[in-house]
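See below for work.csv, which holds CSV, C-alpha atoms.
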chain,number,residue,atom,x,y,z
A,172,MET,CA,-49.8,-24.1,-6.3
A,173,PHE,CA,-47.3,-26.2,-4.4
A,174,LEU,CA,-44.6,-25.4,-6.8
A,175,ARG,CA,-45.4,-21.7,-6.5
A,176,LEU,CA,-45.2,-22.0,-2.7
A,177,LEU,CA,-41.9,-23.9,-3.0
A,178,GLU,CA,-40.5,-21.2,-5.3
A,179,SER,CA,-41.6,-18.4,-3.0
A,180,SER,CA,-40.1,-20.2,0.0
A,181,ALA,CA,-36.8,-20.7,-1.8
A,182,LEU,CA,-36.7,-17.0,-2.8
A,183,LEU,CA,-37.3,-16.0,0.8
A,184,ILE,CA,-34.4,-18.1,2.0
A,185,LEU,CA,-32.1,-16.8,-0.8
A,186,ARG,CA,-33.2,-13.2,-0.3
A,187,VAL,CA,-32.6,-13.3,3.5
A,188,ALA,CA,-29.3,-15.1,3.1
A,189,LEU,CA,-27.9,-12.8,0.4
A,190,GLY,CA,-29.2,-9.7,2.0
A,191,GLY,CA,-27.9,-10.7,5.4
A,192,LEU,CA,-24.5,-11.6,3.9
A,193,MET,CA,-24.1,-8.2,2.1
A,194,ALA,CA,-25.3,-6.3,5.2
A,195,TYR,CA,-22.7,-8.2,7.3
A,196,ALA,CA,-20.0,-7.5,4.8
A,197,GLY,CA,-20.8,-3.8,4.8
A,198,PHE,CA,-21.0,-3.6,8.6
A,199,MET,CA,-17.6,-5.4,9.0
A,200,LYS,CA,-16.0,-2.9,6.6
A,201,LEU,CA,-17.5,0.1,8.4
A,202,LEU,CA,-15.9,-1.0,11.6
A,203,GLU,CA,-12.5,-0.4,10.2
A,204,PRO,CA,-12.7,1.9,7.2
A,205,GLN,CA,-8.9,2.6,7.3
A,206,GLN,CA,-8.1,-1.1,6.7
A,207,PHE,CA,-10.6,-1.2,3.8
A,208,ALA,CA,-9.0,1.9,2.3
A,209,PHE,CA,-5.6,0.2,2.5
A,210,ALA,CA,-7.1,-2.8,0.7
A,211,LEU,CA,-8.5,-0.6,-2.0
A,212,LYS,CA,-5.1,1.0,-2.3
A,213,GLY,CA,-3.5,-2.4,-2.6
A,214,TYR,CA,-5.7,-3.3,-5.6
A,215,ASP,CA,-3.8,-0.6,-7.5
A,216,VAL,CA,-6.8,0.7,-9.4
A,217,PHE,CA,-6.2,4.4,-8.6
A,218,ASP,CA,-2.9,6.1,-7.8
A,219,PRO,CA,-3.3,7.2,-4.1
A,220,GLN,CA,-1.1,10.2,-4.7
A,221,THR,CA,-3.4,11.7,-7.4
A,222,HIS,CA,-6.7,10.0,-6.8
A,223,GLY,CA,-6.6,9.3,-3.1
A,224,TYR,CA,-9.9,11.1,-2.5
A,225,LEU,CA,-11.6,8.5,-4.8
A,226,LEU,CA,-10.2,5.7,-2.7
A,227,VAL,CA,-11.3,7.3,0.5
A,228,LEU,CA,-14.7,8.0,-0.8
A,229,ALA,CA,-15.1,4.4,-2.0
A,230,ALA,CA,-13.9,3.2,1.4
A,231,PHE,CA,-17.0,4.8,3.0
A,232,VAL,CA,-19.6,4.7,0.3
A,233,VAL,CA,-19.2,1.1,-0.8
A,234,PRO,CA,-19.8,-0.4,2.7
A,235,TRP,CA,-22.8,1.8,3.2
A,236,LEU,CA,-24.2,0.7,-0.1
A,237,GLU,CA,-23.7,-2.9,0.9
A,238,LEU,CA,-25.3,-2.4,4.3
A,239,ILE,CA,-28.3,-0.5,3.0
A,240,SER,CA,-29.0,-2.7,0.0
A,241,GLY,CA,-28.4,-5.8,2.1
A,242,LEU,CA,-30.9,-4.7,4.7
A,243,LEU,CA,-33.5,-3.7,2.1
A,244,LEU,CA,-33.1,-7.1,0.4
A,245,ALA,CA,-33.3,-9.0,3.6
A,246,VAL,CA,-36.6,-7.4,4.6
A,247,GLY,CA,-37.9,-7.6,1.0
A,248,LEU,CA,-38.3,-3.8,0.5
A,249,TRP,CA,-37.5,-2.4,-2.9
A,250,THR,CA,-36.3,-5.9,-3.6
A,251,ARG,CA,-35.5,-5.7,-7.3
A,252,ALA,CA,-33.7,-2.3,-6.8
A,253,SER,CA,-31.6,-3.7,-4.0
A,254,ALA,CA,-30.9,-6.9,-5.9
A,255,THR,CA,-29.7,-4.8,-8.8
A,256,THR,CA,-27.4,-2.8,-6.6
A,257,ILE,CA,-26.0,-5.9,-5.0
A,258,PHE,CA,-25.4,-7.5,-8.4
A,259,ALA,CA,-23.6,-4.3,-9.6
A,260,LEU,CA,-21.4,-4.4,-6.5
A,261,LEU,CA,-20.6,-8.0,-6.8
A,262,LEU,CA,-19.8,-7.6,-10.5
A,263,THR,CA,-17.4,-4.8,-9.7
A,264,PHE,CA,-15.7,-6.7,-6.9
A,265,THR,CA,-15.4,-9.8,-9.1
A,266,LEU,CA,-13.8,-7.8,-11.9
A,267,VAL,CA,-11.3,-6.3,-9.4
A,268,LEU,CA,-10.5,-9.7,-8.0
A,269,VAL,CA,-9.9,-11.1,-11.5
A,270,SER,CA,-7.6,-8.2,-12.3
A,271,VAL,CA,-5.7,-8.9,-9.1
A,272,LEU,CA,-5.3,-12.5,-10.1
A,273,MET,CA,-4.2,-11.7,-13.6
A,274,ARG,CA,-1.5,-9.3,-12.2
A,275,ASP,CA,-0.4,-12.1,-9.9
A,276,MET,CA,-0.7,-9.9,-6.8
A,277,ASP,CA,-0.7,-11.5,-3.3
A,278,LEU,CA,-3.5,-9.7,-1.6
A,279,GLU,CA,-6.2,-10.5,0.9
A,280,CYS,CA,-9.8,-9.9,-0.1
A,281,THR,CA,-11.0,-8.0,3.0
A,282,CYS,CA,-14.4,-8.6,1.5
A,283,PHE,CA,-15.8,-9.1,5.1
A,284,GLY,CA,-13.3,-7.0,7.0
A,285,LYS,CA,-11.2,-9.3,9.2
A,286,ALA,CA,-13.6,-12.2,9.0
A,287,ASP,CA,-13.4,-14.9,6.4
A,288,VAL,CA,-16.6,-16.2,4.9
A,289,ILE,CA,-16.4,-19.4,2.9
A,290,CYS,CA,-13.0,-18.4,1.4
A,291,SER,CA,-9.9,-17.5,3.4
A,292,GLY,CA,-6.4,-16.4,2.7
A,293,ALA,CA,-5.1,-14.6,-0.4
A,294,ILE,CA,-7.4,-13.8,-3.3
A,295,GLY,CA,-7.9,-16.9,-5.4
A,296,GLY,CA,-10.4,-18.9,-7.4
A,297,CYS,CA,-12.6,-19.5,-4.4
A,298,HIS,CA,-13.3,-15.8,-4.1
A,299,ILE,CA,-14.3,-15.6,-7.7
A,300,TRP,CA,-16.6,-18.6,-7.5
A,301,ARG,CA,-18.2,-17.3,-4.3
A,302,ASN,CA,-18.9,-14.0,-5.9
A,303,SER,CA,-20.2,-15.6,-9.0
A,304,VAL,CA,-22.7,-17.7,-7.0
A,305,LEU,CA,-23.9,-14.6,-5.2
A,306,MET,CA,-24.3,-12.8,-8.4
A,307,LEU,CA,-26.5,-15.6,-9.8
A,308,VAL,CA,-28.6,-15.5,-6.6
A,309,SER,CA,-29.1,-11.7,-7.0
A,310,LEU,CA,-30.0,-12.2,-10.7
A,311,LEU,CA,-32.6,-14.9,-9.7
A,312,ILE,CA,-34.2,-12.6,-7.2
A,313,LEU,CA,-34.1,-9.8,-9.7
A,314,TRP,CA,-36.0,-12.0,-12.2
A,315,ARG,CA,-38.4,-13.9,-9.9
A,316,GLY,CA,-39.1,-11.3,-7.2
A,317,ALA,CA,-39.0,-11.3,-3.4
A,318,GLY,CA,-40.8,-14.4,-2.5
A,319,LEU,CA,-42.7,-14.9,0.7
A,320,LEU,CA,-42.9,-12.5,3.6
A,321,SER,CA,-41.6,-9.4,1.8
A,322,LEU,CA,-42.6,-5.8,2.4
A,323,ASP,CA,-42.8,-5.5,-1.4
A,324,HIS,CA,-46.1,-7.5,-1.6
A,325,PRO,CA,-47.4,-6.5,-5.0
A,326,LEU,CA,-51.0,-6.2,-4.0
A,327,LEU,CA,-50.3,-4.1,-1.0
A,328,SER,CA,-47.8,-1.7,-2.6
A,329,ARG,CA,-49.8,-1.2,-5.7
A,330,ARG,CA,-53.0,-0.4,-3.8
A,331,LEU,CA,-51.1,2.0,-1.6
A,332,LYS,CA,-49.6,3.7,-4.6
A,333,LEU,CA,-52.9,4.0,-6.5
A,334,ALA,CA,-54.5,5.3,-3.3
A,335,LYS,CA,-51.8,8.0,-3.2
A,336,CYS,CA,-52.6,8.8,-6.8
A,337,ASP,CA,-56.3,9.1,-6.0
A,338,LEU,CA,-55.4,11.4,-3.1
A,339,LEU,CA,-53.5,13.7,-5.5
A,340,GLU,CA,-56.4,13.7,-7.9
A,341,SER,CA,-58.9,14.6,-5.2
A,342,GLU,CA,-56.9,17.5,-3.8
A,343,PRO,CA,-58.6,20.9,-4.6
A,344,LYS,CA,-56.7,22.8,-7.3
A,345,SER,CA,-55.5,26.2,-6.2
A,346,ASP,CA,-57.2,29.2,-7.7
A,347,PRO,CA,-54.5,31.1,-9.8
A,348,GLU,CA,-56.3,34.4,-9.0
B,1140,MET,CA,-48.7,16.2,-17.2
B,1141,SER,CA,-50.6,16.6,-14.0
B,1142,PRO,CA,-49.2,15.0,-10.8
B,1143,PRO,CA,-51.9,12.2,-10.7
B,1144,VAL,CA,-51.2,11.3,-14.3
B,1145,VAL,CA,-47.4,11.2,-13.6
B,1146,CYS,CA,-48.2,9.2,-10.4
B,1147,ARG,CA,-50.2,6.6,-12.3
B,1148,ALA,CA,-47.6,6.5,-15.0
B,1149,ALA,CA,-44.9,5.7,-12.4
B,1150,VAL,CA,-47.0,3.0,-10.8
B,1151,SER,CA,-47.8,1.6,-14.2
B,1152,CYS,CA,-44.2,1.7,-15.4
B,1153,PRO,CA,-42.2,-0.5,-13.1
B,1154,VAL,CA,-38.9,0.2,-14.9
B,1155,ALA,CA,-39.1,3.9,-14.0
B,1156,LEU,CA,-39.9,2.9,-10.5
B,1157,TRP,CA,-37.0,0.4,-10.3
B,1158,PHE,CA,-34.6,2.9,-11.8
B,1159,THR,CA,-35.7,5.6,-9.3
B,1160,ARG,CA,-35.2,3.3,-6.4
B,1161,VAL,CA,-31.8,2.2,-7.5
B,1162,LEU,CA,-30.8,5.8,-7.7
B,1163,ALA,CA,-32.3,6.4,-4.3
B,1164,ILE,CA,-30.3,3.6,-2.7
B,1165,ILE,CA,-27.1,4.9,-4.2
B,1166,GLY,CA,-27.9,8.4,-3.2
B,1167,ILE,CA,-28.6,7.5,0.4
B,1168,ALA,CA,-25.5,5.4,0.6
B,1169,GLY,CA,-23.5,8.2,-0.9
B,1170,ILE,CA,-24.8,10.7,1.7
B,1171,ALA,CA,-24.2,8.3,4.5
B,1172,GLY,CA,-20.7,7.6,3.3
B,1173,VAL,CA,-19.6,11.2,2.9
B,1174,ALA,CA,-21.1,12.1,6.3
B,1175,HIS,CA,-19.2,9.1,7.9
B,1176,SER,CA,-16.0,10.2,6.3
B,1177,TYR,CA,-16.1,13.5,8.1
B,1178,PHE,CA,-16.1,11.8,11.5
B,1179,VAL,CA,-13.6,9.1,10.8
B,1180,PRO,CA,-10.3,10.3,9.4
B,1181,VAL,CA,-8.7,7.9,6.8
B,1182,SER,CA,-5.3,8.5,5.2
B,1183,LEU,CA,-3.6,6.7,2.4
B,1184,THR,CA,-0.3,8.5,2.2
B,1185,ARG,CA,2.3,9.4,4.8
B,1186,LYS,CA,2.6,12.8,6.3
B,1187,ALA,CA,5.1,14.9,4.3
B,1188,GLU,CA,6.8,16.2,7.4
B,1189,ALA,CA,7.2,12.8,8.9
B,1190,ARG,CA,8.9,11.2,5.8
B,1191,THR,CA,12.4,12.4,6.5
B,1192,PRO,CA,13.4,11.7,10.1
B,1193,ALA,CA,15.0,14.6,12.0
B,1194,PRO,CA,18.8,14.4,12.2
B,1195,GLN,CA,19.9,12.8,15.4
B,1196,ASN,CA,23.2,14.0,17.0
B,1197,THR,CA,24.0,10.6,18.4
B,1198,SER,CA,27.6,9.7,18.8
B,1199,SER,CA,29.0,6.9,16.7
B,1200,PRO,CA,30.7,3.9,18.2
B,1201,THR,CA,34.1,5.5,17.3
B,1202,GLY,CA,33.3,8.5,19.5
B,1203,GLN,CA,33.0,11.0,16.7
B,1204,PRO,CA,29.7,12.9,16.5
B,1205,SER,CA,27.8,12.4,13.3
B,1206,ASP,CA,27.4,15.3,10.9
B,1207,PRO,CA,23.8,16.6,11.1
B,1208,THR,CA,24.0,17.9,7.5
B,1209,THR,CA,24.3,14.5,6.1
B,1210,SER,CA,21.5,11.9,5.9
B,1211,PRO,CA,20.2,11.2,9.4
B,1212,VAL,CA,20.6,7.5,8.8
B,1213,THR,CA,24.2,7.6,7.5
B,1214,PRO,CA,26.0,4.7,9.2
B,1215,PRO,CA,28.8,5.9,11.6
B,1216,PRO,CA,32.3,5.8,10.3
B,1217,THR,CA,34.1,2.5,11.2
B,1218,ASP,CA,37.5,1.2,10.7
B,1219,GLN,CA,36.4,-0.9,7.8
B,1220,GLN,CA,36.4,0.6,4.4
B,1221,THR,CA,32.9,1.9,3.6
B,1222,ASP,CA,31.2,1.0,0.3
B,1223,PRO,CA,30.2,4.2,-1.5
B,1224,ALA,CA,27.3,2.3,-3.1
B,1225,PRO,CA,24.9,2.6,-0.1
B,1226,ASN,CA,25.1,6.4,-0.2
B,1227,GLN,CA,24.4,6.5,-3.9
B,1228,ALA,CA,21.6,4.0,-3.4
B,1229,GLN,CA,20.1,6.2,-0.6
B,1230,ASP,CA,20.0,9.2,-3.1
B,1231,GLN,CA,17.9,7.2,-5.4
B,1232,LEU,CA,15.4,6.1,-2.8
B,1233,PRO,CA,12.3,8.2,-2.1
B,1234,ASP,CA,11.9,10.2,1.1
B,1235,GLY,CA,11.3,8.0,4.1
B,1236,TYR,CA,13.0,4.9,2.6
B,1237,ILE,CA,16.4,3.5,3.4
B,1238,GLY,CA,18.6,0.9,1.7
B,1239,LEU,CA,19.6,-2.5,2.9
B,1240,ASP,CA,23.0,-1.3,4.2
B,1241,GLU,CA,21.5,1.6,6.1
B,1242,ALA,CA,19.0,-0.7,7.6
B,1243,HIS,CA,21.7,-3.0,8.7
B,1244,ALA,CA,23.6,-0.1,10.2
B,1245,LEU,CA,20.6,0.8,12.2
B,1246,PHE,CA,20.2,-2.8,13.3
B,1247,GLU,CA,23.8,-2.8,14.6
B,1248,ARG,CA,23.1,0.4,16.5
B,1249,SER,CA,19.9,-1.0,17.9
B,1250,GLN,CA,21.9,-3.9,19.4
B,1251,THR,CA,24.0,-1.4,21.4
B,1252,GLY,CA,20.9,-0.1,23.1
B,1253,GLU,CA,20.1,2.9,20.9
B,1254,PRO,CA,16.3,3.6,20.7
B,1255,ILE,CA,15.8,1.9,17.3
B,1256,TRP,CA,13.2,-0.7,16.7
B,1257,PHE,CA,12.3,-2.9,13.8
B,1258,LEU,CA,8.7,-3.7,12.8
B,1259,ASP,CA,7.7,-6.6,10.5
B,1260,ALA,CA,4.7,-5.7,8.4
B,1261,ARG,CA,4.3,-9.1,6.7
B,1262,HIS,CA,1.7,-11.8,7.5
B,1263,ASP,CA,2.1,-13.7,10.7
B,1264,HIS,CA,3.1,-17.0,9.0
B,1265,GLU,CA,5.8,-15.1,7.1
B,1266,PHE,CA,7.0,-13.6,10.4
B,1267,GLU,CA,7.1,-17.0,12.1
B,1268,ALA,CA,9.1,-18.4,9.3
B,1269,GLY,CA,11.9,-15.9,9.9
B,1270,HIS,CA,12.4,-12.2,10.8
B,1271,ILE,CA,15.0,-9.7,11.8
B,1272,PRO,CA,16.1,-10.4,15.4
B,1273,GLY,CA,14.1,-8.4,17.9
B,1274,ALA,CA,11.5,-7.2,15.3
B,1275,PHE,CA,7.9,-6.9,16.3
B,1276,LEU,CA,5.2,-8.3,14.1
B,1277,MET,CA,3.2,-5.3,13.1
B,1278,PRO,CA,1.1,-5.3,9.9
B,1279,ALA,CA,-1.3,-2.4,9.6
B,1280,SER,CA,-4.3,-4.4,10.8
B,1281,ARG,CA,-2.5,-5.3,14.0
B,1282,VAL,CA,-1.6,-1.7,15.1
B,1283,GLN,CA,-4.9,-0.9,16.7
B,1284,THR,CA,-5.5,-4.3,18.3
B,1285,SER,CA,-4.8,-5.0,21.9
B,1286,GLU,CA,-1.8,-7.2,21.0
B,1287,GLY,CA,-0.4,-4.5,18.7
B,1288,LEU,CA,-0.8,-1.7,21.2
B,1289,GLU,CA,0.9,-3.9,23.9
B,1290,ASP,CA,3.9,-4.4,21.6
B,1291,LEU,CA,4.0,-0.7,20.8
B,1292,GLY,CA,4.2,0.0,24.5
B,1293,PHE,CA,7.8,-1.2,24.3
B,1294,ILE,CA,8.6,1.3,21.6
B,1295,ASP,CA,9.5,4.8,22.5
B,1296,PRO,CA,7.5,7.2,20.2
B,1297,THR,CA,10.5,9.5,20.0
B,1298,GLY,CA,12.8,6.6,18.9
B,1299,THR,CA,13.5,5.4,15.4
B,1300,VAL,CA,11.2,2.8,13.9
B,1301,VAL,CA,12.3,0.8,10.9
B,1302,ILE,CA,9.6,-1.0,9.0
B,1303,TYR,CA,10.1,-3.8,6.5
B,1304,CYS,CA,7.9,-6.2,4.5
B,1305,VAL,CA,8.6,-8.4,1.5
B,1306,GLY,CA,10.1,-5.6,-0.5
B,1307,GLY,CA,9.4,-4.6,-4.1
B,1308,ASP,CA,6.0,-3.1,-4.6
B,1309,CYS,CA,4.8,-4.2,-1.1
B,1310,ASP,CA,2.9,-1.4,0.5
B,1311,ALA,CA,2.4,-3.1,3.8
B,1312,SER,CA,5.2,-1.1,5.4
B,1313,GLU,CA,3.8,2.1,4.2
B,1314,ASN,CA,0.4,1.2,5.6
B,1315,THR,CA,1.9,0.4,9.0
B,1316,ALA,CA,3.8,3.7,8.8
B,1317,ILE,CA,0.6,5.6,8.3
B,1318,MET,CA,-1.0,3.9,11.2
B,1319,LEU,CA,2.0,4.7,13.5
B,1320,GLU,CA,2.0,8.3,12.3
B,1321,ASN,CA,-1.7,8.5,13.4
B,1322,LEU,CA,-0.5,7.3,16.9
B,1323,GLY,CA,2.2,10.0,17.1
B,1324,TYR,CA,5.3,8.3,15.9
B,1325,THR,CA,7.4,10.7,13.8
B,1326,ASP,CA,10.8,9.0,13.2
B,1327,ILE,CA,9.7,6.2,10.8
B,1328,VAL,CA,11.7,4.9,8.0
B,1329,ILE,CA,10.9,2.0,5.6
B,1330,MET,CA,13.5,-0.5,4.4
B,1331,LYS,CA,13.0,-0.6,0.7
B,1332,ALA,CA,14.5,-4.1,0.3
B,1333,GLY,CA,12.5,-6.9,1.7
B,1334,PHE,CA,13.2,-9.5,4.3
B,1335,ASP,CA,14.3,-12.0,1.7
B,1336,ASP,CA,17.0,-9.6,0.5
B,1337,TRP,CA,18.1,-9.1,4.1
B,1338,ALA,CA,18.4,-12.8,4.6
B,1339,ALA,CA,20.1,-13.3,1.3
B,1340,SER,CA,22.7,-10.7,2.2
B,1341,GLY,CA,23.7,-12.8,5.2
B,1342,PHE,CA,22.4,-10.4,7.8
B,1343,PRO,CA,21.1,-11.9,11.1
B,1344,VAL,CA,17.7,-13.6,11.1
B,1345,GLU,CA,15.8,-15.5,13.8
B,1346,PRO,CA,13.0,-18.0,13.4

As a first step, turn the structure in this file into structure tokens.
Amino acid sequence: MFLRLLESSALLILRVALGGLMAYAGFMKLLEPQQFAFALKGYDVFDPQTHGYLLVLAAFVVPWLELISGLLLAVGLWTRASATTIFALLLTFTLVLVSVLMRDMDLECTCFGKADVICSGAIGGCHIWRNSVLMLVSLLILWRGAGLLSLDHPLLSRRLKLAKCDLLESEPKSDPE
Amino acid sequence: MSPPVVCRAAVSCPVALWFTRVLAIIGIAGIAGVAHSYFVPVSLTRKAEARTPAPQNTSSPTGQPSDPTTSPVTPPPTDQQTDPAPNQAQDQLPDGYIGLDEAHALFERSQTGEPIWFLDARHDHEFEAGHIPGAFLMPASRVQTSEGLEDLGFIDPTGTVVIYCVGGDCDASENTAIMLENLGYTDIVIMKAGFDDWAASGFPVEP
């Protein structure tokens, strides 16, 4: 019982921390989408002359994805889905950072807009380690659930869903004639 | 399958529910992002009409007017024998870019009071280590800040702006050029060579 409480408390802390961090990252990028677009161009994944529209789309969609999934995770709503989204985002970012390092490019991460969180300066091992830890946290939440004080309380949500199914079942069927 | 059966199946099948929610999150973010992009313009390439600066009928120091049919940044004729290599190099550079010698010629003209300014698009620690005399620190991220706008207040939007960074594949200059075009600057050229090439050529630098 005590261990379960301890685990739930730890999951709560990790969920709120990771969700808050991702929401903050998304928000900071949304403040200056032009700068994030420049950063994406700098990673040299797509040619801006021929695929500039993809970079512009990513410059807006990625921060919104971070913000929405971060907020959902922080409040514990759709926890596993938002943890999955965050893991996929972090995996993509990490692969891009690794490719930047392998190509010996001197670039700044702009992962949190102008702010530096844990790591600062040009992209390096610190950024890879930071993202790896965050990915592990998201995997843990995906595996073990939301923990304490989440809107995804299994008993509540399942009851609500089954009540909705009962409501559908009890609705009078329309007469085809 | 009737709706209640489907409903119970979804409740009983968490994988389907999880997958649906992931798609919903991505879909909502996609819609929000696309809608946001309509209100906030973002550009990644320079405007085509702003790439080649308009010819300027400014007089050269020798008193002879420059030929408007030639490159607008052709250095004025001097008593010294000119090296044909810079003109040939200029032909190989893409629109909106100038070579080292052209940049130096513009620098010389800027020292005589002509409306020509140099902007340094590198990081602040690189700028502090050395830069072209009179250049303003102006990476793309600084353009819209209060400090950047204050510095831009000294630059005539109708004048010539020369932007440089570390050279090579550095796109910091292009990013700054894009930001300046959004502010209405039209006569912008980028020095293809970097600051290190400038300093190695023996041209003036200041700490």

Could you give me, as JSON lines, every chain B residue with an atom at most 8 Å from chain A, plus its closest atom pair and distance in Å to one decimal, counting all atoms listed in the file, rows ordered by chain then number?
{"residue": "B:Pro1142", "atom": "CA", "partner": "A:Leu339", "partner_atom": "CA", "distance": 6.9}
{"residue": "B:Pro1143", "atom": "CA", "partner": "A:Cys336", "partner_atom": "CA", "distance": 5.2}
{"residue": "B:Cys1146", "atom": "CA", "partner": "A:Cys336", "partner_atom": "CA", "distance": 5.7}
{"residue": "B:Arg1147", "atom": "CA", "partner": "A:Cys336", "partner_atom": "CA", "distance": 6.4}
{"residue": "B:Val1150", "atom": "CA", "partner": "A:Lys332", "partner_atom": "CA", "distance": 6.8}
{"residue": "B:Trp1157", "atom": "CA", "partner": "A:Ala252", "partner_atom": "CA", "distance": 5.5}
{"residue": "B:Phe1158", "atom": "CA", "partner": "A:Ala252", "partner_atom": "CA", "distance": 7.3}
{"residue": "B:Arg1160", "atom": "CA", "partner": "A:Ala252", "partner_atom": "CA", "distance": 5.8}
{"residue": "B:Val1161", "atom": "CA", "partner": "A:Ala252", "partner_atom": "CA", "distance": 4.9}
{"residue": "B:Ile1164", "atom": "CA", "partner": "A:Ser240", "partner_atom": "CA", "distance": 7.0}
{"residue": "B:Ile1165", "atom": "CA", "partner": "A:Leu236", "partner_atom": "CA", "distance": 6.5}
{"residue": "B:Ala1168", "atom": "CA", "partner": "A:Leu236", "partner_atom": "CA", "distance": 4.9}
{"residue": "B:Gly1169", "atom": "CA", "partner": "A:Val232", "partner_atom": "CA", "distance": 5.4}
{"residue": "B:Ala1171", "atom": "CA", "partner": "A:Trp235", "partner_atom": "CA", "distance": 6.8}
{"residue": "B:Gly1172", "atom": "CA", "partner": "A:Val232", "partner_atom": "CA", "distance": 4.3}
{"residue": "B:Val1173", "atom": "CA", "partner": "A:Phe231", "partner_atom": "CA", "distance": 6.9}
{"residue": "B:His1175", "atom": "CA", "partner": "A:Phe231", "partner_atom": "CA", "distance": 6.9}
{"residue": "B:Ser1176", "atom": "CA", "partner": "A:Phe231", "partner_atom": "CA", "distance": 6.4}
{"residue": "B:Val1181", "atom": "CA", "partner": "A:Gln205", "partner_atom": "CA", "distance": 5.3}
{"residue": "B:Ser1182", "atom": "CA", "partner": "A:Gln205", "partner_atom": "CA", "distance": 7.2}
{"residue": "B:Leu1183", "atom": "CA", "partner": "A:Pro219", "partner_atom": "CA", "distance": 6.5}
{"residue": "B:Thr1184", "atom": "CA", "partner": "A:Pro219", "partner_atom": "CA", "distance": 7.1}
{"residue": "B:Ala1279", "atom": "CA", "partner": "A:Gln206", "partner_atom": "CA", "distance": 7.5}
{"residue": "B:Ser1280", "atom": "CA", "partner": "A:Gln206", "partner_atom": "CA", "distance": 6.5}
{"residue": "B:Asp1310", "atom": "CA", "partner": "A:Gly213", "partner_atom": "CA", "distance": 7.2}
{"residue": "B:Asn1314", "atom": "CA", "partner": "A:Phe209", "partner_atom": "CA", "distance": 6.8}

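When all atoms listed in the file are used to measure the gap to A:Gly191, the shortest distance among A:Ile257, A:Val216, A:Leu272, A:Leu225 belongs to A:Ile257.
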
- Message: Can you measure atom CA of A:Thr265 to atom CA of B:Thr1315 for me? One decimal in Å is fine.
- Response: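 That distance, rounded to one decimal, is 27.0 Å.
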
- Rounded to one decimal place, report the atom CA of A:Val267-atom CA of A:Leu242 distance in Å.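 Computing the Euclidean distance for atom CA of A:Val267 and atom CA of A:Leu242 yields 24.2 Å.
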
- Item | Nearest to B:Glu1247, chosen from B:Pro1343, B:Pro1180, B:Gly1323, B:Pro1296, with all atoms listed in the file counted in the distances |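 Among the listed residues, B:Pro1343 lies closest to B:Glu1247.
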
- How many Å lie between atom CA of B:Thr1159 and atom CA of A:Leu244, rounded to one decimal?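 Atom CA of A:Leu244 lies at a distance of 16.2 Å from atom CA of B:Thr1159.
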
- Counting only C-alpha atoms, find the residues whose atoms lie at most 12 Å from (5.6, 9.8, 10.2) (file coordinates) and write them out as number ranges by chain. B: 1184-1193, 1234-1236, 1296-1302, 1312-1329
